[in-house]
Each structure stands twice: as structure tokens, then as C-alpha cells.
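Colleague: Contents of upload_24.txt (compact mmCIF, C-alpha atoms and all ligand atoms) are below:
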```txt
# COMPACT_ATOMS: atom_id res chain seq x y z
CA MET A 2 8.95 18.78 -21.59
CA PRO A 3 5.50 17.27 -22.30
CA ALA A 4 3.00 19.83 -23.57
CA SER A 5 0.67 19.14 -20.64
CA ARG A 6 3.33 19.99 -18.08
CA GLN A 7 3.30 23.58 -19.29
CA LEU A 8 -0.30 23.86 -18.11
CA GLY A 9 0.56 23.77 -14.46
CA ILE A 10 3.51 24.47 -12.28
CA THR A 11 6.68 22.67 -13.21
CA GLY A 12 9.49 22.47 -10.74
CA ASN A 13 9.32 24.14 -7.38
CA PRO A 14 8.75 27.87 -7.55
CA ASP A 15 7.81 27.82 -3.91
CA TYR A 16 10.32 25.30 -2.79
CA ASP A 17 11.93 27.51 -0.20
CA GLY A 18 8.57 28.61 1.20
CA GLU A 19 6.41 26.78 3.70
CA PRO A 20 4.58 23.75 2.23
CA PHE A 21 0.82 23.63 2.59
CA THR A 22 -0.46 21.57 5.53
CA ASP A 23 -3.90 23.01 6.39
CA PHE A 24 -5.64 20.11 4.66
CA ALA A 25 -9.05 20.68 6.26
CA LEU A 26 -9.20 24.16 4.69
CA VAL A 27 -9.26 22.84 1.11
CA ASN A 28 -12.56 23.38 -0.68
CA ARG A 29 -13.91 23.68 -4.23
CA ARG A 30 -12.31 27.09 -4.74
CA THR A 31 -8.79 26.08 -3.66
CA PRO A 32 -6.38 26.28 -6.64
CA ILE A 33 -4.37 23.14 -5.89
CA GLU A 34 -1.89 23.81 -8.67
CA ASN A 35 -0.70 26.85 -6.72
CA LEU A 36 -0.21 25.06 -3.43
CA ASN A 37 3.27 24.08 -2.36
CA LEU A 38 2.97 20.30 -1.90
CA ASN A 39 6.73 19.76 -1.64
CA TRP A 40 6.57 18.50 1.91
CA ARG A 41 9.75 17.92 3.82
CA GLU A 42 9.96 15.44 6.64
CA ARG A 43 9.30 18.14 9.23
CA ASP A 44 6.18 19.39 7.37
CA LEU A 45 4.58 15.99 7.00
CA PRO A 46 6.41 13.52 9.25
CA GLU A 47 6.26 9.82 8.63
CA ARG A 48 3.96 9.22 11.61
CA VAL A 49 1.38 11.55 10.01
CA ARG A 50 1.76 10.03 6.54
CA THR A 51 1.29 6.60 8.09
CA LYS A 52 -1.42 7.50 10.60
CA HIS A 53 -3.94 4.89 11.83
CA VAL A 54 -4.56 2.08 9.32
CA HIS A 55 -2.19 3.45 6.69
CA ARG A 56 0.58 1.59 8.51
CA LEU A 57 -1.04 -1.83 8.95
CA HIS A 58 1.56 -3.42 6.72
CA PRO A 59 4.70 -2.17 4.91
CA TYR A 60 4.69 -2.00 1.12
CA LEU A 61 6.34 -0.14 -1.75
CA GLY A 62 4.59 2.19 -4.15
CA LYS A 63 2.11 3.89 -1.81
CA PHE A 64 1.12 7.49 -2.34
CA VAL A 65 0.83 10.19 0.33
CA PRO A 66 -2.68 10.02 1.93
CA GLN A 67 -2.77 13.81 2.36
CA MET A 68 -2.54 14.23 -1.44
CA VAL A 69 -5.67 12.13 -1.78
CA GLU A 70 -7.37 14.08 1.01
CA ILE A 71 -6.66 17.38 -0.77
CA PHE A 72 -8.21 16.21 -4.05
CA LEU A 73 -11.24 14.68 -2.33
CA ARG A 74 -11.87 17.90 -0.42
CA LYS A 75 -11.51 19.95 -3.58
CA TYR A 76 -13.74 17.91 -5.90
CA GLN A 77 -16.11 16.41 -3.28
CA PRO A 78 -17.15 13.39 -5.34
CA ARG A 79 -20.15 11.23 -4.49
CA MET A 80 -18.24 8.06 -5.38
CA VAL A 81 -14.51 7.78 -6.06
CA CYS A 82 -12.81 4.92 -7.89
CA ASP A 83 -9.19 3.72 -7.64
CA PRO A 84 -8.53 1.07 -10.33
CA PHE A 85 -5.03 0.34 -8.92
CA CYS A 86 -5.88 0.54 -5.24
CA TRP A 87 -2.93 -1.43 -3.77
CA SER A 88 -3.03 -0.84 -0.04
CA GLY A 89 -6.25 1.15 -0.17
CA THR A 90 -4.96 4.69 0.43
CA THR A 91 -7.73 6.28 -1.67
CA LEU A 92 -10.42 4.12 -0.08
CA VAL A 93 -9.26 4.89 3.46
CA GLU A 94 -9.15 8.64 2.82
CA ALA A 95 -12.58 8.55 1.16
CA SER A 96 -14.02 6.72 4.20
CA ALA A 97 -12.45 9.27 6.52
CA LEU A 98 -14.47 11.98 4.71
CA GLY A 99 -17.68 9.93 4.36
CA ILE A 100 -17.32 9.44 0.58
CA ASP A 101 -18.28 6.10 -1.02
CA SER A 102 -15.49 4.35 -2.89
CA VAL A 103 -14.57 1.37 -5.05
CA GLY A 104 -11.07 0.00 -5.53
CA ALA A 105 -9.64 -2.77 -7.66
CA ASP A 106 -6.30 -4.54 -7.73
CA ILE A 107 -4.88 -7.54 -9.52
CA SER A 108 -3.03 -8.67 -6.40
CA GLU A 109 -5.15 -10.68 -3.99
CA PHE A 110 -2.94 -9.75 -1.06
CA ASN A 111 -3.39 -6.04 -1.81
CA CYS A 112 -7.17 -6.52 -1.90
CA LEU A 113 -7.05 -8.37 1.42
CA LEU A 114 -5.11 -5.48 2.97
CA SER A 115 -7.47 -2.85 1.50
CA ARG A 116 -10.50 -4.72 2.85
CA VAL A 117 -8.99 -5.05 6.32
CA LYS A 118 -8.21 -1.33 6.42
CA THR A 119 -11.65 -0.18 5.33
CA ARG A 120 -14.02 -2.68 6.93
CA GLN A 121 -16.21 -1.62 9.87
CA TYR A 122 -15.60 -3.76 12.97
CA ASN A 123 -17.30 -4.73 16.15
CA LEU A 124 -14.31 -3.48 18.12
CA ARG A 125 -15.06 -5.40 21.29
CA ARG A 126 -15.20 -8.64 19.37
CA LEU A 127 -12.01 -7.82 17.47
CA GLU A 128 -10.19 -7.10 20.72
CA THR A 129 -11.44 -10.35 22.28
CA GLU A 130 -10.30 -12.36 19.26
CA ILE A 131 -6.84 -10.77 19.16
CA ASN A 132 -6.32 -11.33 22.90
CA ASP A 133 -7.57 -14.89 22.64
CA ILE A 134 -5.31 -15.93 19.77
CA LEU A 135 -2.30 -14.42 21.55
CA THR A 136 -3.12 -16.25 24.78
CA ARG A 137 -3.52 -19.59 23.05
CA PHE A 138 -0.37 -19.02 21.01
CA HIS A 139 1.61 -18.16 24.15
CA LEU A 140 0.35 -21.16 26.14
CA GLU A 141 1.22 -23.56 23.36
CA LEU A 142 4.62 -22.03 22.75
CA HIS A 143 5.77 -21.90 26.36
CA PRO A 144 5.10 -25.29 27.95
CA THR A 145 4.62 -25.48 31.70
CA LEU A 146 4.86 -28.34 34.15
CA PHE A 147 1.29 -29.22 33.23
CA ARG A 148 1.29 -28.61 29.47
CA ASN A 149 3.35 -29.78 26.52
CA GLY A 150 4.65 -27.31 23.98
CA LEU A 151 3.80 -26.89 20.27
CA GLY A 152 1.88 -30.11 19.73
CA GLY A 153 3.02 -31.94 16.60
CA GLU A 154 5.55 -30.49 14.21
CA MET A 155 4.34 -27.72 11.96
CA ARG A 156 5.31 -28.45 8.36
CA THR A 157 4.95 -26.80 4.98
CA ALA A 158 5.61 -27.99 1.45
CA SER A 159 6.65 -24.49 0.38
CA GLU A 160 10.34 -24.40 -0.50
CA PHE A 161 10.24 -20.62 -0.38
CA LEU A 162 9.12 -20.64 3.26
CA GLN A 163 11.63 -23.35 4.19
CA ASN A 164 14.47 -21.30 2.67
CA TRP A 165 13.53 -17.90 4.02
CA TYR A 166 12.79 -18.73 7.68
CA ALA A 167 14.68 -20.25 10.56
CA PRO A 168 12.90 -23.48 11.61
CA ASN A 169 11.80 -21.99 14.95
CA ALA A 170 10.29 -18.86 13.36
CA LEU A 171 8.58 -20.87 10.64
CA GLY A 172 7.03 -23.24 13.22
CA GLN A 173 5.61 -20.25 15.09
CA LEU A 174 4.17 -18.66 11.93
CA LEU A 175 2.58 -21.93 10.83
CA PHE A 176 1.09 -22.51 14.26
CA TYR A 177 -0.44 -19.01 14.36
CA ARG A 178 -1.80 -19.64 10.87
CA LYS A 179 -3.51 -22.80 12.13
CA LEU A 180 -5.18 -20.90 14.98
CA ILE A 181 -6.60 -18.24 12.63
CA ASN A 182 -9.29 -20.65 11.41
CA ASP A 183 -11.04 -20.42 14.78
CA TYR A 184 -11.92 -16.72 14.53
CA ALA A 185 -14.43 -14.48 12.77
CA TYR A 186 -12.03 -11.68 11.86
CA GLN A 187 -9.63 -13.97 10.03
CA ASP A 188 -8.52 -11.35 7.52
CA VAL A 189 -7.19 -9.06 10.26
CA LEU A 190 -5.22 -11.96 11.75
CA LYS A 191 -3.88 -12.83 8.30
CA VAL A 192 -2.54 -9.30 7.92
CA VAL A 193 -0.88 -9.57 11.35
CA LEU A 194 0.63 -12.91 10.31
CA SER A 195 1.91 -11.50 7.04
CA ARG A 196 3.46 -8.44 8.67
CA ALA A 197 5.19 -10.65 11.25
CA ALA A 198 6.35 -12.98 8.47
CA ARG A 199 7.88 -10.05 6.61
CA SER A 200 9.90 -9.06 9.68
CA ALA A 201 10.90 -12.62 10.55
CA ARG A 202 12.50 -13.48 7.18
CA LEU A 203 16.16 -14.42 7.09
CA THR A 204 17.23 -10.99 5.83
CA THR A 205 19.71 -8.35 6.75
CA HIS A 206 18.34 -5.30 8.58
CA PHE A 207 19.36 -3.01 5.72
CA ASP A 208 17.67 -4.87 2.89
CA LEU A 209 14.11 -5.58 3.96
CA ASP A 210 12.62 -4.19 0.74
CA PHE A 211 14.53 -6.24 -1.82
CA PRO A 212 16.40 -9.12 -0.15
CA ARG A 213 18.00 -11.23 -2.87
CA LYS A 214 18.89 -14.34 -0.90
CA PRO A 215 18.33 -15.61 2.63
CA GLN A 216 20.95 -14.41 5.12
CA ILE A 217 22.30 -17.39 7.00
CA GLY A 218 24.39 -16.54 10.06
CA ALA A 219 25.92 -13.30 11.40
CA TYR A 220 26.75 -10.35 9.11
CA GLN A 221 28.20 -6.85 9.30
CA CYS A 222 25.15 -4.56 9.47
CA HIS A 223 25.50 -1.16 7.69
CA LYS A 224 22.37 0.08 9.38
CA HIS A 225 23.35 -0.61 12.98
CA ARG A 226 27.14 -0.49 12.45
CA ARG A 227 27.74 -3.72 14.27
CA THR A 228 27.50 -7.46 13.79
CA CYS A 229 23.88 -8.59 13.58
CA ARG A 230 22.14 -11.92 13.12
CA PRO A 231 18.94 -12.71 11.26
CA THR A 232 16.13 -13.55 13.62
CA ASP A 233 14.96 -17.05 14.46
CA ASN A 234 11.89 -15.81 16.32
CA ALA A 235 8.52 -14.66 14.93
CA GLU A 236 6.70 -14.55 18.26
CA LYS A 237 7.83 -11.05 19.22
CA PHE A 238 6.56 -9.70 15.89
CA LEU A 239 3.23 -11.50 16.15
CA VAL A 240 2.63 -10.00 19.60
CA ARG A 241 3.80 -6.50 18.68
CA TYR A 242 1.82 -6.31 15.44
CA SER A 243 -1.35 -7.80 16.95
CA LEU A 244 -1.51 -4.98 19.49
CA ASP A 245 -0.48 -2.35 16.97
CA THR A 246 -3.14 -3.49 14.48
CA LEU A 247 -5.88 -3.34 17.10
CA HIS A 248 -4.76 0.13 18.16
CA ARG A 249 -4.69 1.43 14.58
CA ILE A 250 -8.10 0.01 13.65
CA LYS A 251 -9.60 1.58 16.79
CA GLU A 252 -7.96 4.90 16.00
CA PHE A 253 -9.41 4.95 12.48
CA ALA A 254 -12.86 3.84 13.71
CA ALA A 255 -12.94 6.86 16.02
CA SER A 256 -12.35 9.34 13.19
CA ARG A 257 -14.04 7.87 10.08
CA GLN A 258 -17.50 8.66 8.81
CA PRO A 259 -20.12 6.27 7.44
CA ALA A 260 -19.35 5.40 3.81
CA ARG A 261 -19.57 2.35 1.58
CA VAL A 262 -16.34 0.73 0.36
CA ARG A 263 -16.06 -2.00 -2.24
CA VAL A 264 -12.82 -3.79 -3.10
CA VAL A 265 -12.77 -5.89 -6.28
CA SER A 266 -10.00 -8.40 -7.00
CA GLY A 267 -9.23 -8.36 -10.69
CA ASP A 268 -7.75 -6.82 -13.78
CA SER A 269 -8.75 -3.19 -14.27
CA ARG A 270 -8.74 -3.66 -18.02
CA GLY A 271 -11.80 -5.91 -17.74
CA ILE A 272 -13.70 -5.18 -14.50
CA ARG A 273 -17.16 -3.65 -14.75
CA PHE A 274 -16.84 -0.77 -12.33
CA PRO A 275 -19.90 0.72 -10.64
CA ASN A 276 -20.81 4.31 -11.57
CA ALA A 277 -18.54 6.94 -10.08
CA ASP A 278 -17.81 10.62 -10.55
CA MET A 279 -14.08 10.73 -9.87
CA VAL A 280 -10.90 8.64 -10.10
CA ILE A 281 -7.84 9.09 -7.92
CA THR A 282 -5.08 6.62 -8.57
CA SER A 283 -1.37 6.00 -8.59
CA PRO A 284 -0.86 3.40 -11.33
CA PRO A 285 2.06 0.98 -11.68
CA TYR A 286 4.89 2.20 -13.91
CA VAL A 287 7.09 0.46 -16.49
CA GLY A 288 9.60 -2.06 -15.12
CA LEU A 289 9.68 -0.77 -11.54
CA ILE A 290 8.03 -3.15 -9.08
CA ASP A 291 6.80 -6.75 -9.13
CA TYR A 292 3.75 -6.27 -6.92
CA HIS A 293 3.06 -9.95 -6.25
CA GLU A 294 6.71 -10.85 -5.72
CA GLN A 295 7.11 -8.07 -3.16
CA HIS A 296 4.86 -10.09 -0.81
CA ARG A 297 5.75 -13.59 -1.92
CA TYR A 298 5.89 -14.78 1.72
CA ALA A 299 2.23 -13.73 2.16
CA TYR A 300 1.11 -15.63 -0.93
CA ASP A 301 2.84 -18.80 0.25
CA LEU A 302 1.77 -18.54 3.88
CA LEU A 303 -1.83 -17.58 3.21
CA GLY A 304 -2.27 -19.78 0.14
CA LEU A 305 -3.44 -16.85 -2.00
CA PRO A 306 -3.92 -17.26 -5.76
CA SER A 307 -1.41 -15.36 -7.90
CA ARG A 308 -2.31 -13.36 -11.00
CA ASP A 309 1.15 -11.92 -11.51
CA GLU A 310 1.01 -12.43 -15.28
CA GLU A 311 -1.74 -9.81 -15.50
CA GLU A 312 0.27 -7.09 -13.72
CA ILE A 313 0.79 -4.05 -15.94
CA GLY A 314 4.43 -2.94 -16.28
CA PRO A 315 6.07 -5.44 -13.88
CA ALA A 316 9.79 -5.14 -13.09
CA SER A 317 10.27 -8.66 -14.48
CA GLY A 318 8.97 -7.40 -17.86
CA GLY A 319 11.93 -4.99 -18.06
CA ASN A 320 11.88 -1.52 -19.57
CA SER A 321 12.72 -2.15 -23.22
CA GLN A 322 10.93 -0.19 -25.96
CA ALA A 323 8.59 -3.17 -26.39
CA ALA A 324 7.76 -3.10 -22.67
CA VAL A 325 7.05 0.65 -22.87
CA THR A 326 4.75 0.18 -25.88
CA ARG A 327 2.90 -2.63 -24.08
CA TYR A 328 2.55 -0.42 -21.01
CA VAL A 329 0.99 2.47 -22.97
CA GLU A 330 -1.46 0.10 -24.65
CA ASN A 331 -2.43 -1.60 -21.39
CA MET A 332 -2.82 1.65 -19.45
CA THR A 333 -5.00 3.03 -22.23
CA LEU A 334 -7.16 -0.10 -21.99
CA ALA A 335 -7.43 0.13 -18.20
CA PHE A 336 -8.25 3.85 -18.08
CA SER A 337 -10.72 3.68 -20.97
CA ASN A 338 -12.48 0.84 -19.14
CA VAL A 339 -12.69 2.90 -15.92
CA ILE A 340 -13.79 6.04 -17.74
CA ARG A 341 -16.78 4.11 -19.15
CA SER A 342 -18.18 3.99 -15.61
CA LEU A 343 -17.69 7.74 -14.96
CA GLU A 344 -20.21 10.52 -15.32
CA ALA A 345 -19.45 13.02 -18.10
CA ARG A 346 -16.88 15.68 -17.18
CA SER A 347 -15.51 13.71 -14.21
CA ARG A 348 -11.99 14.29 -12.92
CA VAL A 349 -9.32 11.60 -13.21
CA VAL A 350 -6.35 12.37 -10.94
CA VAL A 351 -3.21 10.38 -11.75
CA VAL A 352 -0.16 10.49 -9.48
CA VAL A 353 2.80 8.92 -11.22
CA HIS A 354 6.51 9.45 -11.66
CA ASP A 355 6.20 9.80 -15.45
CA ARG A 356 9.90 9.92 -16.19
CA ARG A 357 9.38 8.60 -19.73
CA GLU A 358 6.66 11.16 -20.35
CA LEU A 359 4.10 8.61 -21.48
CA TYR A 360 1.01 10.18 -19.96
CA ASP A 361 0.48 12.84 -22.62
CA GLU A 362 0.13 10.09 -25.20
CA ILE A 363 -2.10 8.00 -22.93
CA GLY A 364 -4.32 11.06 -22.32
CA GLN A 365 -4.56 11.71 -26.07
CA ARG A 366 -5.49 8.12 -26.79
CA LEU A 367 -8.20 8.35 -24.13
CA GLY A 368 -9.55 11.60 -25.52
CA VAL A 369 -9.43 13.33 -22.13
CA LYS A 370 -8.58 16.97 -21.56
CA THR A 371 -5.61 17.75 -19.31
CA GLU A 372 -6.82 20.36 -16.83
CA TYR A 373 -3.44 20.74 -15.21
CA ARG A 374 -0.26 18.91 -14.47
CA PHE A 375 2.51 19.71 -12.04
CA GLY A 376 5.62 18.15 -10.61
CA ARG A 377 5.86 17.46 -6.90
CA HIS A 378 9.26 17.07 -5.32
CA VAL A 379 9.34 13.85 -3.35
CA ASN A 380 11.84 14.55 -0.65
CA ARG A 381 12.15 11.75 1.77
CA ARG A 382 12.36 8.12 0.90
CA THR A 383 13.87 5.29 2.82
CA GLY A 384 15.87 2.18 1.96
CA ARG A 385 17.05 1.81 -1.59
CA ARG A 386 14.88 4.66 -2.83
CA ALA A 387 16.95 7.29 -1.06
CA THR A 388 17.15 9.63 -4.06
CA ASP A 389 15.03 12.73 -4.59
CA PHE A 390 12.64 12.65 -7.51
CA PHE A 391 9.64 14.44 -8.93
CA GLU A 392 6.29 12.79 -9.19
CA ASP A 393 3.71 14.09 -11.64
CA VAL A 394 0.22 15.02 -10.59
CA ILE A 395 -2.08 15.04 -13.61
CA VAL A 396 -5.73 16.04 -13.60
CA TRP A 397 -7.71 14.86 -16.63
CA ARG A 398 -11.31 15.81 -17.39
CA THR A 399 -13.40 13.22 -19.23
C1 LIG A 401 1.62 2.10 -7.45
S1 LIG A 401 0.53 0.86 -6.86
C2 LIG A 401 -0.82 1.80 -6.25
C3 LIG A 401 -0.49 2.43 -4.91
C4 LIG A 401 -1.72 2.90 -4.13
N1 LIG A 401 -2.16 4.16 -4.67
C5 LIG A 401 -1.38 3.07 -2.65
O1 LIG A 401 -1.17 4.16 -2.17
O2 LIG A 401 -1.31 2.05 -1.97
C6 LIG A 401 -0.05 0.10 -8.33
C7 LIG A 401 -0.99 -1.11 -8.13
O3 LIG A 401 -1.48 -1.52 -9.42
C8 LIG A 401 -1.74 -2.92 -9.34
N2 LIG A 401 -1.91 -3.49 -10.69
C9 LIG A 401 -0.96 -3.80 -11.61
N3 LIG A 401 -1.54 -4.29 -12.73
C10 LIG A 401 -2.89 -4.28 -12.51
C11 LIG A 401 -4.02 -4.66 -13.30
N4 LIG A 401 -3.89 -5.18 -14.52
N5 LIG A 401 -5.27 -4.48 -12.76
C12 LIG A 401 -5.41 -3.98 -11.50
N6 LIG A 401 -4.36 -3.63 -10.71
C13 LIG A 401 -3.12 -3.78 -11.22
C14 LIG A 401 -0.56 -3.47 -8.55
O4 LIG A 401 -0.87 -4.73 -7.98
C15 LIG A 401 -0.36 -2.35 -7.52
O5 LIG A 401 -1.03 -2.68 -6.34
```
Would you encode the structure as C-alpha cells?
Ligand SMILES: C[S@@+](CC[C@H](N)C(=O)[O-])C[C@H]1O[C@@H](n2cnc3c(N)ncnc32)[C@H](O)[C@@H]1O
Modeller:
Amino acid sequence: MPASRQLGITGNPDYDGEPFTDFALVNRRTPIENLNLNWRERDLPERVRTKHVHRLHPYLGKFVPQMVEIFLRKYQPRMVCDPFCWSGTTLVEASALGIDSVGADISEFNCLLSRVKTRQYNLRRLETEINDILTRFHLELHPTLFRNGLGGEMRTASEFLQNWYAPNALGQLLFYRKLINDYAYQDVLKVVLSRAARSARLTTHFDLDFPRKPQIGAYQCHKHRRTCRPTDNAEKFLVRYSLDTLHRIKEFAASRQPARVRVVSGDSRGIRFPNADMVITSPPYVGLIDYHEQHRYAYDLLGLPSRDEEEIGPASGGNSQAAVTRYVENMTLAFSNVIRSLEARSRVVVVVHDRRELYDEIGQRLGVKTEYRFGRHVNRRTGRRATDFFEDVIVWRT
């Protein structure tokens, strides 16, 4: 067991008791290390974990927003930084509490999503634009006696898109993409397009997270216990997600407080972060996820630049001893860069499944003091990650 783990609670002394859910009661005096954060599905149901903008788009590797809320309420920073912000969980929770925030990510798609979640909108204009694009899309797609259908064939040079979509679905996605140029809130529409594109891929229903090859034709579906077919239609997803996105953005707008949010696209080892007094982050781990590849369809459809070679600890880099050594060096570089922008004695909260126990060494290299560290039992996961595991919550003091 790493020395730092002995500082806090290890395991689940309270596991049979009631997990803590009175988030608004947390304040500076709350001893978080004594709280039971081992939520079961009934304590913290998925719809609460994915409330308002947290569910604008599916992705792997997100942490529980309520964990972030607890730490923000306890330490009440003026400005919080997340150097691996992915889908913007820290930034959204900071905005909800009126705390300024800055996030960075190497993946351009993740930055786009974080910006869309945290931006302030003219809601009437957003609603008008979403209704307008849907109306135009519908008119063009469903010809009448007086109108022709999809004018001109929609084409793409991307082999990936050609392989992973039925021609009808791909035509619809490309046509929607063309319409996006006519609107002010293009980034919101791009997120809708990407979410629809994810659902409209030629995949089986049971392997949406990691499909290995396109599914052509009918298949026996383990999830629905019947014969299913991959979809050839993206329209239903575009309509459903347009309305859902509008609803979620409105819901968040009604509850958030005024706060500044900055999202920087780039490598956290080199970015010059603005001054902050706290970090909350859930960093990538060794050999687990390829963050760019996970949303390859979005990169191809939206023409986003890829910086996948700068990802720390990608799955494609494997988990050999050399990969582990590289990871420790790169994480030390990234954290020491972030810590340079922090006030003295700031807290750095790291949520990570440290199964190789690398974070004691990283902390030592950084010269930070471990205030406490505890394991949190992660109970409910879907898809291929159906196993229970512990994630580590580490609080460093600079
Ligand atoms: C586990 S995810 C963070 C999840 C996030 N806390 C959330 O809830 O959405 C790790 C993120 O680190 C990003 N990342 C990997 N290497 C990076 C680098 N060199 N600089 C900045 N971000 C990087 C990945 O793109 C990914 O979005």
C-alpha cells in the first residue's frame, strides 16, 4: 500500500452505511475524508450524475460532478484550474457555484465540448437557430410536390466516414454540417451533429464505446436479445439531440451563477496558466484510453486538427515499463507546470484510479505534501467497464 494511502481512509469502513448526499451542506469545516462517498446507483442515480449540460455528449473517463462540487464547497477557491478538463466537469461545477475557472485539454473536440457547456447564451437566439436549422433540414430531406429533395449529392473524401456510415445517414450528417455555417451558435450545432454521428455509426447496440469494425447487416443483439440492424438514418438523432441540447443548456442557465470560464486548447506540460488557487482534475492514466480516437467521427466530420501524439499515457502507447516511466515523467512535467501558476499552499485534488501506485512518486517529485488520500468504491459502470473498482482521491498541498 502506498505510504500516502495510510493518511486517509482506505477501503470502505462505512460501506454498509448511507452514502453522503447533502452536497449543499459541505463547508470549510467538513472533513471530507470521513464522508462515505461510495455512492450506489440509488444514492446518486445516473440522471443526477448527468444533470443539465453534463450529458450533452457521451464520453469515457468523466468524473462524478458531485465529487467536484464537494471539493469546491470545502475549499471555496477564487479560481480553479483543471489541466485535463476533457468534457468540462470541473468548469461546469465551478460555474454553478459562481467560481472562476480555467481548463485545458490536448483534444480539440474536448475543448469544443467544454466551451459549449460553459458558455453563456442568448437563449432566445439559440432556440430560434435550433428550430430554424431543423426546419430547413426537414424541408430539404422530405421533398413535396413543390420542392426537390436533398439538392446535389453530399460527398466526403474521408474513408473513415464512408466506412462507418450507411450512405443515407452520411448524406444527412453532411447536409446538416453544411447548414451549420449559416448560424451564430455553430459550436452548439457541431456538438449536436457529433452526438448524432456517434449514434448513427454502423455499430452494434452493445458496443457503442469501442466498436472495432463497422457492422454491416443484421446481427444477434446481446443487449436487446433479438435480431437488430445498424441504423441507416441520422435524422432521428439530429432532431432528438437538438431538442435535448436546448433543454439542457436552458436548465443549466437557470441554475448557474455569474463566473468567468476559460478553455485553452493545448498541452498542459507547456501552457502558461493564469493564476489560480486550486486544481481539481482527473488526469489520463497509463495505456487506458485514446482520447482522440474515441471521437474519431467528430474529428473527421468537423475537420478538427488532431494532436493525438501529445496525449499523455494513450492506450496505443501500451502499458509496458517504458510507458509507465514516460507517464510518470510527463505527469510530473504537467503538474509542475500547473503548480507554477498556483498561490503558495494551494490544494491540488487528483481523482485517479492509481492501480500502479504511481502518484506517491509523482507527488514526491513535485515536492508537494499529501494532505490525505482515500479510496472510493466506484460501483456502477456501464458497457465494457462493468467491473467494480476503487478510484483514488488525493489531496496535495503545494
Ligand atoms: C480522464 S480525462 C479527464 C476527465 C474530466 N475530468 C471529465 O470529467 O470530463 C483526461 C483528459 O486528459 C487529456 N490529455 C491527455 N494528454 C494531455 C496533455 N498532454 N495536455 C492536456 N490534456 C491532455 C485527454 O484528452 C483527456 O481529455
Colleague: Which chains and residue numbers are within 6 Å of ligand LIG 401 (chain A), counting all atoms listed in the file, if I want them as a VMD selection string?
Modeller: chain A and resid 62 to 64 85 to 90 105 to 108 267 to 269 282 to 285 292 311 to 313
Colleague: As a list in words, please: the residues near Arg120 (chain A) (cut-off 8 Å, all atoms listed in the file, same-chain neighbours under 3 positions excluded).
Modeller: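 With the cut-off at 8 Å, the set is Arg116, Val117 and Val262 of chain A.
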Colleague: Which distance in Å separates CA of Phe176 (chain A) and CA of Thr246 (chain A), to one decimal?
Modeller: 19.5 Å
Colleague: Using all atoms listed in the file, can you tell me which of A:Leu334, A:Val287, A:Ala235, A:Leu367 comes closest to His354 (chain A)?
Modeller: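 Closest to His354 (chain A), using all atoms listed in the file: A:Val287.
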Colleague: Which of these, A:Ala277, A:Leu57, A:Val325, A:Leu203, has the shortest distance to Arg79 (chain A) once you count only C-alpha atoms?
Modeller: A:Ala277
Colleague: Counting all atoms listed in the file, which residues sit no farther than 10 Å from the position (-23.6, 2.8, 4.0) in the file's frame? I'd like them as a PDB file with C-alpha atoms, in the frame of the given file.
Modeller:
```
ATOM      1  CA  GLY A  99     -17.680   9.930   4.360  1.00  0.00           C
ATOM      2  CA  ILE A 100     -17.320   9.440   0.580  1.00  0.00           C
ATOM      3  CA  ASP A 101     -18.280   6.100  -1.020  1.00  0.00           C
ATOM      4  CA  GLN A 258     -17.500   8.660   8.810  1.00  0.00           C
ATOM      5  CA  PRO A 259     -20.120   6.270   7.440  1.00  0.00           C
ATOM      6  CA  ALA A 260     -19.350   5.400   3.810  1.00  0.00           C
ATOM      7  CA  ARG A 261     -19.570   2.350   1.580  1.00  0.00           C
ATOM      8  CA  VAL A 262     -16.340   0.730   0.360  1.00  0.00           C
TER       9      VAL A 262
END
```
Colleague: Have a look at A:Lys191, A:Arg241, A:Met279, A:Gly368 and name the one nearest to Tyr298 (chain A); count all atoms listed in the file.
Modeller: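 Under the stated criterion, the closest residue is A:Lys191.
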Colleague: So, with all atoms listed in the file as the atoms that count, which of A:Glu372, A:Glu362, A:Glu294, A:Asp23 lies closest to Glu109 (chain A)?
Modeller: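 For Glu109 (chain A), the nearest of the given residues is A:Glu294.
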Colleague: Can you measure CA of Gly364 (chain A) to CA of Gln322 (chain A) for me? One decimal in Å is fine.
Modeller: 19.3 Å
Colleague: Out of A:Glu310, A:Arg230, A:Lys52, A:Leu305, which residue has the shortest atom-to-atom distance to Asp291 (chain A) when counting only C-alpha atoms?
Modeller: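 With only C-alpha atoms as the atom set, the closest residue is A:Glu310.
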Colleague: Could you check the closest approach to Val192 (chain A) for each of A:Lys118, A:His248, A:Arg156, A:His223 and tell me which residue wins, using only C-alpha atoms?
Modeller: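 Once distances to Val192 (chain A) are computed over only C-alpha atoms, the minimum belongs to A:Lys118.
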Colleague: Within 6 Å of Glu252 (chain A), counting all atoms listed in the file, which residues qualify if same-chain residues fewer than 3 places away don't, as a PyMOL selection string?
Modeller: chain A and resi 53+249+255
Colleague: Just need the box for region 58-75 of chain A, edges along x, y and z, holding every atom the file lists for it with 3 Å tacked onto each side, so centre and edge lengths in Å to one decimal, as JSON.
Modeller:
```
{"center_x": -2.8, "center_y": 8.3, "center_z": 1.3, "size_x": 24.2, "size_y": 29.4, "size_z": 16.9}
```
Colleague: Can you list, as a ChimeraX atom specification, every protein, DNA or RNA residue that comes within 12 Å of Thr129 (chain A) when you count all atoms listed in the file, leaving out same-chain residues fewer than 4 positions away?
Modeller: /A:123-125,133-136,184-186,243-244,247
Colleague: Have a look at CA of Val350 (chain A) and CA of Thr22 (chain A) and let me know their distance in Å, one decimal.
Modeller: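 Taking CA of Val350 (chain A) and CA of Thr22 (chain A), their separation equals 19.8 Å.
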Colleague: Find the spatial neighbours of Tyr60 (chain A), counting only C-alpha atoms, within a cut-off of 9 Å - ignore same-chain residues fewer than 6 positions away - and output them as a list in words.
Modeller: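 Skipping anything fewer than 6 positions along the chain leaves Ser88, Asp210, Gln295 and His296 of chain A.
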Colleague: Please provide the set of residues having any atom within 12 Å of Gln163 (chain A), restricted to all atoms listed in the file, with same-chain residues fewer than 3 positions apart removed, written as a ChimeraX atom specification.
Modeller: /A:155-160,166-172,174-175,202-203,215,298,301-302
